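Colleague: My structure is in coords_35.pdb, and what it holds is PDB, C-alpha atoms and all ligand atoms:
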ATOM      1  CA  MET K   1     -10.813   3.352 -22.613  1.00  0.00           C
ATOM      2  CA  LYS K   2      -7.729   3.384 -20.394  1.00  0.00           C
ATOM      3  CA  LYS K   3      -7.806   0.905 -17.528  1.00  0.00           C
ATOM      4  CA  LYS K   4      -6.969   2.738 -14.302  1.00  0.00           C
ATOM      5  CA  ALA K   5      -6.558   1.100 -10.895  1.00  0.00           C
ATOM      6  CA  ILE K   6      -5.894   2.267  -7.355  1.00  0.00           C
ATOM      7  CA  TYR K   7      -3.752   0.338  -4.899  1.00  0.00           C
ATOM      8  CA  PRO K   8      -4.637   1.921  -1.541  1.00  0.00           C
ATOM      9  CA  GLY K   9      -2.971   1.562   1.827  1.00  0.00           C
ATOM     10  CA  THR K  10      -1.248   3.298   4.702  1.00  0.00           C
ATOM     11  CA  PHE K  11       2.225   2.227   3.571  1.00  0.00           C
ATOM     12  CA  ASP K  12       3.887   3.138   6.869  1.00  0.00           C
ATOM     13  CA  PRO K  13       6.322   2.191   5.431  1.00  0.00           C
ATOM     14  CA  ILE K  14       6.198   0.520   2.005  1.00  0.00           C
ATOM     15  CA  THR K  15       7.626  -3.016   2.090  1.00  0.00           C
ATOM     16  CA  TYR K  16       8.756  -5.545  -0.532  1.00  0.00           C
ATOM     17  CA  GLY K  17       5.324  -7.161  -0.065  1.00  0.00           C
ATOM     18  CA  HIS K  18       3.562  -4.003  -1.256  1.00  0.00           C
ATOM     19  CA  LEU K  19       6.069  -3.626  -4.094  1.00  0.00           C
ATOM     20  CA  ASP K  20       5.318  -7.157  -5.256  1.00  0.00           C
ATOM     21  CA  ILE K  21       1.617  -6.255  -5.561  1.00  0.00           C
ATOM     22  CA  ILE K  22       2.461  -2.946  -7.286  1.00  0.00           C
ATOM     23  CA  GLN K  23       4.721  -4.596  -9.864  1.00  0.00           C
ATOM     24  CA  ARG K  24       2.246  -7.335 -10.692  1.00  0.00           C
ATOM     25  CA  SER K  25      -0.838  -5.129 -10.866  1.00  0.00           C
ATOM     26  CA  ALA K  26       0.914  -2.428 -12.918  1.00  0.00           C
ATOM     27  CA  GLU K  27       1.311  -5.042 -15.660  1.00  0.00           C
ATOM     28  CA  MET K  28      -2.462  -5.569 -15.777  1.00  0.00           C
ATOM     29  CA  VAL K  29      -3.600  -1.973 -16.225  1.00  0.00           C
ATOM     30  CA  ASP K  30      -2.724   1.143 -18.194  1.00  0.00           C
ATOM     31  CA  GLU K  31      -2.219   3.226 -15.085  1.00  0.00           C
ATOM     32  CA  LEU K  32      -1.807   2.258 -11.440  1.00  0.00           C
ATOM     33  CA  ILE K  33      -2.244   4.869  -8.729  1.00  0.00           C
ATOM     34  CA  VAL K  34      -0.766   4.027  -5.355  1.00  0.00           C
ATOM     35  CA  GLY K  35      -3.115   5.810  -2.936  1.00  0.00           C
ATOM     36  CA  VAL K  36      -1.528   6.705   0.383  1.00  0.00           C
ATOM     37  CA  LEU K  37      -4.130   7.133   3.122  1.00  0.00           C
ATOM     38  CA  THR K  38      -3.451  10.185   5.251  1.00  0.00           C
ATOM     39  CA  ASN K  39      -6.218  10.105   7.866  1.00  0.00           C
ATOM     40  CA  LYS K  40      -5.640   6.692   9.367  1.00  0.00           C
ATOM     41  CA  GLY K  41      -6.381   6.038  13.046  1.00  0.00           C
ATOM     42  CA  LYS K  42      -2.985   4.392  13.525  1.00  0.00           C
ATOM     43  CA  SER K  43      -0.279   6.853  14.591  1.00  0.00           C
ATOM     44  CA  PRO K  44       2.137   6.587  11.699  1.00  0.00           C
ATOM     45  CA  LEU K  45       5.916   6.678  11.892  1.00  0.00           C
ATOM     46  CA  PHE K  46       6.123   8.713   8.688  1.00  0.00           C
ATOM     47  CA  THR K  47       4.119  11.707   7.466  1.00  0.00           C
ATOM     48  CA  PRO K  48       1.996  11.227   4.333  1.00  0.00           C
ATOM     49  CA  GLU K  49       4.526  13.324   2.381  1.00  0.00           C
ATOM     50  CA  GLU K  50       7.402  11.119   3.546  1.00  0.00           C
ATOM     51  CA  ARG K  51       5.469   7.960   2.682  1.00  0.00           C
ATOM     52  CA  VAL K  52       4.609   9.298  -0.787  1.00  0.00           C
ATOM     53  CA  GLU K  53       8.257  10.222  -1.442  1.00  0.00           C
ATOM     54  CA  MET K  54       9.501   6.789  -0.296  1.00  0.00           C
ATOM     55  CA  ILE K  55       7.047   5.011  -2.595  1.00  0.00           C
ATOM     56  CA  LYS K  56       7.837   7.316  -5.529  1.00  0.00           C
ATOM     57  CA  ASP K  57      11.490   6.417  -5.195  1.00  0.00           C
ATOM     58  CA  ALA K  58      10.752   2.696  -4.875  1.00  0.00           C
ATOM     59  CA  VAL K  59       8.573   2.636  -8.027  1.00  0.00           C
ATOM     60  CA  LYS K  60      10.568   5.069 -10.162  1.00  0.00           C
ATOM     61  CA  ASP K  61      11.415   2.358 -12.711  1.00  0.00           C
ATOM     62  CA  ILE K  62       7.787   1.369 -13.309  1.00  0.00           C
ATOM     63  CA  PRO K  63       6.517   3.894 -15.870  1.00  0.00           C
ATOM     64  CA  ASN K  64       2.748   3.538 -15.398  1.00  0.00           C
ATOM     65  CA  VAL K  65       2.672   3.999 -11.620  1.00  0.00           C
ATOM     66  CA  LYS K  66       1.660   7.275  -9.978  1.00  0.00           C
ATOM     67  CA  VAL K  67       1.740   7.929  -6.210  1.00  0.00           C
ATOM     68  CA  LEU K  68      -0.829  10.217  -4.574  1.00  0.00           C
ATOM     69  CA  ALA K  69      -1.975  10.894  -1.021  1.00  0.00           C
ATOM     70  CA  PHE K  70      -5.679  10.796  -0.218  1.00  0.00           C
ATOM     71  CA  ASP K  71      -8.019  11.123   2.722  1.00  0.00           C
ATOM     72  CA  GLY K  72     -11.681  10.379   3.221  1.00  0.00           C
ATOM     73  CA  LEU K  73     -13.439   7.585   1.386  1.00  0.00           C
ATOM     74  CA  LEU K  74     -11.432   5.395  -0.951  1.00  0.00           C
ATOM     75  CA  ILE K  75     -14.316   5.199  -3.371  1.00  0.00           C
ATOM     76  CA  GLU K  76     -14.459   9.006  -3.685  1.00  0.00           C
ATOM     77  CA  PHE K  77     -10.739   9.064  -4.406  1.00  0.00           C
ATOM     78  CA  ALA K  78     -11.212   6.357  -7.051  1.00  0.00           C
ATOM     79  CA  LYS K  79     -14.012   8.327  -8.707  1.00  0.00           C
ATOM     80  CA  LYS K  80     -11.980  11.537  -8.659  1.00  0.00           C
ATOM     81  CA  GLN K  81      -9.105   9.723 -10.351  1.00  0.00           C
ATOM     82  CA  LYS K  82     -11.486   8.043 -12.830  1.00  0.00           C
ATOM     83  CA  ALA K  83     -10.267   4.633 -11.665  1.00  0.00           C
ATOM     84  CA  THR K  84     -12.623   1.675 -11.948  1.00  0.00           C
ATOM     85  CA  ILE K  85     -10.486  -0.937 -10.200  1.00  0.00           C
ATOM     86  CA  ILE K  86      -9.232  -1.233  -6.624  1.00  0.00           C
ATOM     87  CA  ILE K  87      -6.308  -3.592  -6.104  1.00  0.00           C
ATOM     88  CA  ARG K  88      -5.834  -5.360  -2.780  1.00  0.00           C
ATOM     89  CA  GLY K  89      -3.355  -7.996  -1.706  1.00  0.00           C
ATOM     90  CA  LEU K  90      -4.394 -11.055   0.291  1.00  0.00           C
ATOM     91  CA  ARG K  91      -1.656 -12.482   2.462  1.00  0.00           C
ATOM     92  CA  ALA K  92      -3.522 -15.105   4.436  1.00  0.00           C
ATOM     93  CA  VAL K  93      -7.026 -16.211   5.260  1.00  0.00           C
ATOM     94  CA  THR K  94      -6.986 -13.724   8.156  1.00  0.00           C
ATOM     95  CA  ASP K  95      -7.028 -10.846   5.638  1.00  0.00           C
ATOM     96  CA  PHE K  96     -10.081 -12.245   3.887  1.00  0.00           C
ATOM     97  CA  GLU K  97     -12.945 -11.253   6.174  1.00  0.00           C
ATOM     98  CA  TYR K  98     -11.931  -7.603   6.422  1.00  0.00           C
ATOM     99  CA  GLU K  99     -11.196  -7.403   2.702  1.00  0.00           C
ATOM    100  CA  LEU K 100     -14.488  -9.010   1.744  1.00  0.00           C
ATOM    101  CA  GLN K 101     -16.434  -6.579   3.901  1.00  0.00           C
ATOM    102  CA  MET K 102     -14.491  -3.610   2.558  1.00  0.00           C
ATOM    103  CA  SER K 103     -14.897  -4.583  -1.093  1.00  0.00           C
ATOM    104  CA  GLN K 104     -18.617  -5.266  -0.664  1.00  0.00           C
ATOM    105  CA  THR K 105     -19.146  -1.942   1.118  1.00  0.00           C
ATOM    106  CA  ASN K 106     -17.246  -0.142  -1.614  1.00  0.00           C
ATOM    107  CA  ARG K 107     -19.323  -1.854  -4.269  1.00  0.00           C
ATOM    108  CA  VAL K 108     -22.561  -0.767  -2.613  1.00  0.00           C
ATOM    109  CA  LEU K 109     -21.203   2.783  -2.402  1.00  0.00           C
ATOM    110  CA  SER K 110     -20.109   2.704  -6.033  1.00  0.00           C
ATOM    111  CA  PRO K 111     -21.094  -0.278  -8.228  1.00  0.00           C
ATOM    112  CA  GLU K 112     -18.924   0.932 -11.109  1.00  0.00           C
ATOM    113  CA  VAL K 113     -15.748   0.322  -9.088  1.00  0.00           C
ATOM    114  CA  ASP K 114     -14.657  -3.278  -8.609  1.00  0.00           C
ATOM    115  CA  THR K 115     -11.982  -4.808  -6.356  1.00  0.00           C
ATOM    116  CA  ILE K 116      -9.394  -7.236  -7.664  1.00  0.00           C
ATOM    117  CA  PHE K 117      -7.461  -9.351  -5.162  1.00  0.00           C
ATOM    118  CA  LEU K 118      -3.953 -10.585  -5.781  1.00  0.00           C
ATOM    119  CA  THR K 119      -2.534 -13.236  -3.526  1.00  0.00           C
ATOM    120  CA  THR K 120       0.701 -11.976  -2.033  1.00  0.00           C
ATOM    121  CA  SER K 121       3.767 -13.893  -3.194  1.00  0.00           C
ATOM    122  CA  LEU K 122       4.666 -16.611  -0.727  1.00  0.00           C
ATOM    123  CA  LYS K 123       8.005 -14.905  -0.174  1.00  0.00           C
ATOM    124  CA  TRP K 124       6.287 -11.921   1.463  1.00  0.00           C
ATOM    125  CA  ALA K 125       3.204 -13.539   2.975  1.00  0.00           C
ATOM    126  CA  TYR K 126       4.370 -13.005   6.570  1.00  0.00           C
ATOM    127  CA  LEU K 127       5.302  -9.360   6.131  1.00  0.00           C
ATOM    128  CA  SER K 128       3.571  -6.251   7.505  1.00  0.00           C
ATOM    129  CA  SER K 129       4.659  -2.664   8.064  1.00  0.00           C
ATOM    130  CA  SER K 130       4.292  -3.067  11.847  1.00  0.00           C
ATOM    131  CA  THR K 131       6.575  -6.119  11.876  1.00  0.00           C
ATOM    132  CA  VAL K 132       9.240  -4.166  10.020  1.00  0.00           C
ATOM    133  CA  LYS K 133       8.950  -1.279  12.492  1.00  0.00           C
ATOM    134  CA  GLU K 134       9.131  -3.619  15.465  1.00  0.00           C
ATOM    135  CA  VAL K 135      12.262  -5.349  14.177  1.00  0.00           C
ATOM    136  CA  ALA K 136      13.851  -1.946  13.483  1.00  0.00           C
ATOM    137  CA  ALA K 137      12.866  -0.554  16.882  1.00  0.00           C
ATOM    138  CA  PHE K 138      14.793  -3.377  18.557  1.00  0.00           C
ATOM    139  CA  GLY K 139      17.799  -2.892  16.315  1.00  0.00           C
ATOM    140  CA  GLY K 140      17.162  -5.907  14.043  1.00  0.00           C
ATOM    141  CA  ASP K 141      18.140  -6.209  10.384  1.00  0.00           C
ATOM    142  CA  ILE K 142      15.303  -5.000   8.100  1.00  0.00           C
ATOM    143  CA  SER K 143      17.237  -5.134   4.831  1.00  0.00           C
ATOM    144  CA  LYS K 144      15.299  -8.207   3.670  1.00  0.00           C
ATOM    145  CA  PHE K 145      11.908  -6.492   4.128  1.00  0.00           C
ATOM    146  CA  VAL K 146      12.206  -3.023   2.600  1.00  0.00           C
ATOM    147  CA  PRO K 147      14.270  -1.230  -0.065  1.00  0.00           C
ATOM    148  CA  LYS K 148      17.650   0.131   1.069  1.00  0.00           C
ATOM    149  CA  LYS K 149      16.589   3.797   1.155  1.00  0.00           C
ATOM    150  CA  VAL K 150      13.435   2.989   3.122  1.00  0.00           C
ATOM    151  CA  ALA K 151      15.482   0.962   5.626  1.00  0.00           C
ATOM    152  CA  LYS K 152      17.816   3.932   6.104  1.00  0.00           C
ATOM    153  CA  GLN K 153      14.900   6.237   6.847  1.00  0.00           C
ATOM    154  CA  ILE K 154      13.322   3.811   9.314  1.00  0.00           C
ATOM    155  CA  ILE K 155      16.611   3.356  11.181  1.00  0.00           C
ATOM    156  CA  ALA K 156      17.161   7.133  11.236  1.00  0.00           C
ATOM    157  CA  ARG K 157      13.654   7.716  12.599  1.00  0.00           C
ATOM    158  CA  TYR K 158      14.186   5.284  15.454  1.00  0.00           C
ATOM    159  CA  SER K 159      17.560   6.677  16.393  1.00  0.00           C
ATOM    160  CA  ILE K 160      16.049  10.213  16.433  1.00  0.00           C
ATOM    161  CA  ASN K 161      13.211   9.031  18.644  1.00  0.00           C
ATOM    162  CA  LYS K 162      15.487   7.272  21.141  1.00  0.00           C
TER     163      LYS K 162
HETATM  164  N1  LIG B 201       2.797  -6.989   1.781  1.00  0.00           N
HETATM  165  C1  LIG B 201       3.171  -6.567   2.986  1.00  0.00           C
HETATM  166  N2  LIG B 201       2.322  -6.050   3.882  1.00  0.00           N
HETATM  167  C2  LIG B 201       1.059  -5.956   3.535  1.00  0.00           C
HETATM  168  C3  LIG B 201       0.574  -6.386   2.297  1.00  0.00           C
HETATM  169  C4  LIG B 201       1.519  -6.919   1.385  1.00  0.00           C
HETATM  170  N3  LIG B 201       1.168  -7.347   0.183  1.00  0.00           N
HETATM  171  N4  LIG B 201      -0.735  -6.178   2.244  1.00  0.00           N
HETATM  172  C5  LIG B 201      -1.075  -5.632   3.417  1.00  0.00           C
HETATM  173  N5  LIG B 201       0.013  -5.505   4.189  1.00  0.00           N
HETATM  174  C6  LIG B 201       0.055  -5.002   5.575  1.00  0.00           C
HETATM  175  C7  LIG B 201       0.337  -3.550   5.675  1.00  0.00           C
HETATM  176  O1  LIG B 201       1.696  -3.274   5.737  1.00  0.00           O
HETATM  177  C8  LIG B 201      -0.373  -3.183   6.950  1.00  0.00           C
HETATM  178  O2  LIG B 201       0.442  -3.477   8.032  1.00  0.00           O
HETATM  179  P1  LIG B 201       0.260  -2.735   9.419  1.00  0.00           P
HETATM  180  O3  LIG B 201      -1.128  -2.996   9.888  1.00  0.00           O
HETATM  181  O4  LIG B 201       1.290  -3.395  10.203  1.00  0.00           O
HETATM  182  O5  LIG B 201       0.524  -1.278   9.160  1.00  0.00           O
HETATM  183  C9  LIG B 201      -1.555  -4.145   7.011  1.00  0.00           C
HETATM  184  O6  LIG B 201      -1.221  -5.191   6.158  1.00  0.00           O
HETATM  185  C10 LIG B 201      -2.826  -3.552   6.553  1.00  0.00           C
HETATM  186  O7  LIG B 201      -2.515  -2.745   5.465  1.00  0.00           O
HETATM  187  P2  LIG B 201      -3.428  -2.516   4.237  1.00  0.00           P
HETATM  188  O8  LIG B 201      -4.003  -3.792   3.835  1.00  0.00           O
HETATM  189  O9  LIG B 201      -2.701  -1.733   3.231  1.00  0.00           O
HETATM  190  O10 LIG B 201      -4.567  -1.704   4.842  1.00  0.00           O
HETATM  191  P3  LIG B 201      -4.518  -0.357   5.502  1.00  0.00           P
HETATM  192  O11 LIG B 201      -5.178  -0.570   6.804  1.00  0.00           O
HETATM  193  O12 LIG B 201      -3.173   0.247   5.516  1.00  0.00           O
HETATM  194  O13 LIG B 201      -5.392   0.473   4.487  1.00  0.00           O
HETATM  195  C11 LIG B 201      -7.421   1.080   3.278  1.00  0.00           C
HETATM  196  C12 LIG B 201      -6.702   0.106   4.198  1.00  0.00           C
HETATM  197  C13 LIG B 201      -6.618   2.331   3.033  1.00  0.00           C
HETATM  198  C14 LIG B 201      -7.635   0.407   1.957  1.00  0.00           C
HETATM  199  C15 LIG B 201      -8.780   1.362   3.930  1.00  0.00           C
HETATM  200  O14 LIG B 201      -8.592   1.708   5.286  1.00  0.00           O
HETATM  201  C16 LIG B 201      -9.532   2.491   3.262  1.00  0.00           C
HETATM  202  O15 LIG B 201      -9.979   2.379   2.156  1.00  0.00           O
HETATM  203  N6  LIG B 201      -9.664   3.610   3.957  1.00  0.00           N
HETATM  204  C17 LIG B 201     -10.347   4.788   3.448  1.00  0.00           C
HETATM  205  C18 LIG B 201     -11.671   5.003   4.124  1.00  0.00           C
HETATM  206  C19 LIG B 201     -12.734   4.186   3.468  1.00  0.00           C
HETATM  207  O16 LIG B 201     -13.021   4.301   2.312  1.00  0.00           O
HETATM  208  N7  LIG B 201     -13.370   3.363   4.287  1.00  0.00           N
HETATM  209  C20 LIG B 201     -14.462   2.537   3.860  1.00  0.00           C
HETATM  210  C21 LIG B 201     -13.967   1.253   3.335  1.00  0.00           C
HETATM  211  S1  LIG B 201     -15.218   0.064   3.570  1.00  0.00           S
END
Can you turn what I pasted into structure tokens?
Ligand code: COA

Modeller:
Amino acid sequence: MKKKAIYPGTFDPITYGHLDIIQRSAEMVDELIVGVLTNKGKSPLFTPEERVEMIKDAVKDIPNVKVLAFDGLLIEFAKKQKATIIIRGLRAVTDFEYELQMSQTNRVLSPEVDTIFLTTSLKWAYLSSSTVKEVAAFGGDISKFVPKKVAKQIIARYSINK
């Protein structure tokens, strides 16, 4: 049977840290679905469609990666996609408590779906989407954090909003 995994997140926007997890986990499974959460409480900078398009462009050279938007429960999305693995990245010990609770809840909701944690590469351990947005909002250089096209879109969004 094909091994299918979901890498879920808000991805507002995708960063090199997320791409590191995508690249590494795509090598472990037959198909990796990047699940873009649409109904998040945070007020996102980009629409779900924009986030999906940005990720699609960033992963276009990885053949077994698909990008889809989802809302509602992650576990329902996983079932619908016939995925049995959820991939999550752990950046620091501060991520652990939330991730543990989430993976245990998901396992109670659906015991056939398991969560695999990858430790984020040291190079990207400090990174988060909010940090990137904050640096961009104050006119800082974000080229080291996100792909070129994503950086362009972030900068454009902030200059429109000014
Ligand atoms: N590199 C860079 N940044 C990373 C990262 C990595 N490897 N891993 C996480 N981050 C950052 C993200 O950019 C994000 O930054 P931000 O808060 O500044 O936007 C932050 O860490 C948290 O992102 P992430 O870990 O992707 O979580 P999320 O909050 O975006 O998404 C879901 C979490 C989508 C998995 C979760 O909310 C969910 O499953 N929701 C669906 C509803 C559901 O099923 N709920 C029940 C679950 S118990």

Colleague: Could you write out as a list in words the residues that the PyMOL selection byres (((chain K and resi 89) around 7) and not hetatm) matches in the shown file?

Modeller: Ile21, Ile87, Arg88, Leu90, Arg91, Phe117, Leu118, Thr119 and Thr120 of chain K

Colleague: Looking at K:Asp30, K:Glu49, K:Asp57, K:Asp20, which one is nearest to Ala69 in chain K, with distances taken over all atoms listed in the file?

Modeller: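 Closest to Ala69 in chain K of all the choices is K:Glu49.
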
Colleague: Contacts between ligand LIG 201 (chain B) and chain K, please, where a residue of chain K counts if it comes within 7 Å (with all atoms listed in the file); show its shortest atom pair and distance in Å to one decimal, rows by chain and ascending number, as a tab-separated table.

Modeller:
residue	atom	partner	partner_atom	distance
K:Pro8	CA	B:LIG201	C14	4.8
K:Gly9	CA	B:LIG201	O9	3.6
K:Thr10	CA	B:LIG201	O12	3.7
K:Phe11	CA	B:LIG201	O1	5.9
K:Asp12	CA	B:LIG201	O5	6.0
K:Ile14	CA	B:LIG201	O1	7.0
K:Thr15	CA	B:LIG201	C1	5.8
K:Tyr16	CA	B:LIG201	N1	6.6
K:Gly17	CA	B:LIG201	N1	3.1
K:His18	CA	B:LIG201	N1	4.3
K:Asp20	CA	B:LIG201	N3	6.8
K:Ile21	CA	B:LIG201	N3	5.9
K:Leu37	CA	B:LIG201	C13	5.4
K:Asp71	CA	B:LIG201	C17	6.8
K:Gly72	CA	B:LIG201	C18	5.5
K:Leu73	CA	B:LIG201	O16	3.4
K:Leu74	CA	B:LIG201	O16	3.8
K:Ile75	CA	B:LIG201	O16	5.9
K:Gly89	CA	B:LIG201	N3	4.9
K:Leu90	CA	B:LIG201	N4	6.4
K:Arg91	CA	B:LIG201	N3	6.3
K:Gln101	CA	B:LIG201	S1	6.8
K:Met102	CA	B:LIG201	S1	3.9
K:Ser103	CA	B:LIG201	S1	6.6
K:Thr105	CA	B:LIG201	S1	5.0
K:Asn106	CA	B:LIG201	S1	5.6
K:Thr120	CA	B:LIG201	N3	5.2
K:Trp124	CA	B:LIG201	N1	6.1
K:Ala125	CA	B:LIG201	N1	6.7
K:Leu127	CA	B:LIG201	C1	4.7
K:Ser128	CA	B:LIG201	N2	3.8
K:Ser129	CA	B:LIG201	O1	3.8
K:Ser130	CA	B:LIG201	O4	3.4
K:Thr131	CA	B:LIG201	O4	6.2

Colleague: Here is a test: counting only C-alpha atoms, which residue of K:Arg157, K:Lys66, K:Lys144, K:Lys149 is nearest to Met54 in chain K?

Modeller: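 Ranking K:Arg157, K:Lys66, K:Lys144, K:Lys149 by distance to Met54 in chain K, first place goes to K:Lys149.
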
Colleague: Let me have the centre and edge lengths of the axis-aligned box enclosing all listed atoms of range 103-109 of chain K with 8 Å padding on every side, in Å to one decimal, as lines of an AutoDock Vina configuration file.

Modeller:
center_x = -18.7
center_y = -1.2
center_z = -1.6
size_x = 23.7
size_y = 24.0
size_z = 21.4

Colleague: So how many Å separate CA of Ala136 in chain K and CA of Ala92 in chain K, to one decimal?

Modeller: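 Taking CA of Ala136 in chain K as the start and CA of Ala92 in chain K as the end point, the length is 23.6 Å.
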
Colleague: In Å, how far is it from CA of Ile154 in chain K to CA of Lys133 in chain K?

Modeller: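 So the two atoms, CA of Ile154 in chain K and CA of Lys133 in chain K, lie 7.4 Å apart.
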
Colleague: So how many Å separate CA of Ala58 in chain K and CA of Lys79 in chain K, to one decimal?

Modeller: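 A separation of 25.7 Å between them.
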
Colleague: What would the selection look like, as a list in words, if the PyMOL selection byres (((chain K and resi 6) around 7) and not hetatm) were run on the coordinates I just shared?

Modeller: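 Applied to this file, the PyMOL selection byres (((chain K and resi 6) around 7) and not hetatm) selects Ala5, Tyr7, Pro8, Leu32, Ile33, Val34, Gly35, Ala78, Ala83, Ile85, Ile86 and Ile87 of chain K.
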
Colleague: In terms of the shortest atom-to-atom distance over all atoms listed in the file, which of K:Arg107, K:Lys42, K:Ala156, K:Val29 is closest to Glu76 in chain K?

Modeller: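 Ranking K:Arg107, K:Lys42, K:Ala156, K:Val29 by distance to Glu76 in chain K, first place goes to K:Arg107.
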
Colleague: Could you tell me which of K:Gln104, K:Gly140, K:Lys123, K:Ala26 comes closest to Val65 in chain K if we count only C-alpha atoms?

Modeller: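 Between K:Gln104, K:Gly140, K:Lys123, K:Ala26, the residue approaching Val65 in chain K most closely is K:Ala26.
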
Colleague: Which residue out of K:Gly41, K:Tyr158, K:Phe96, K:Asp114 has the minimum interatomic distance to Val135 in chain K when all atoms listed in the file are used?

Modeller: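 Among the listed residues, the smallest separation from Val135 in chain K belongs to K:Tyr158.
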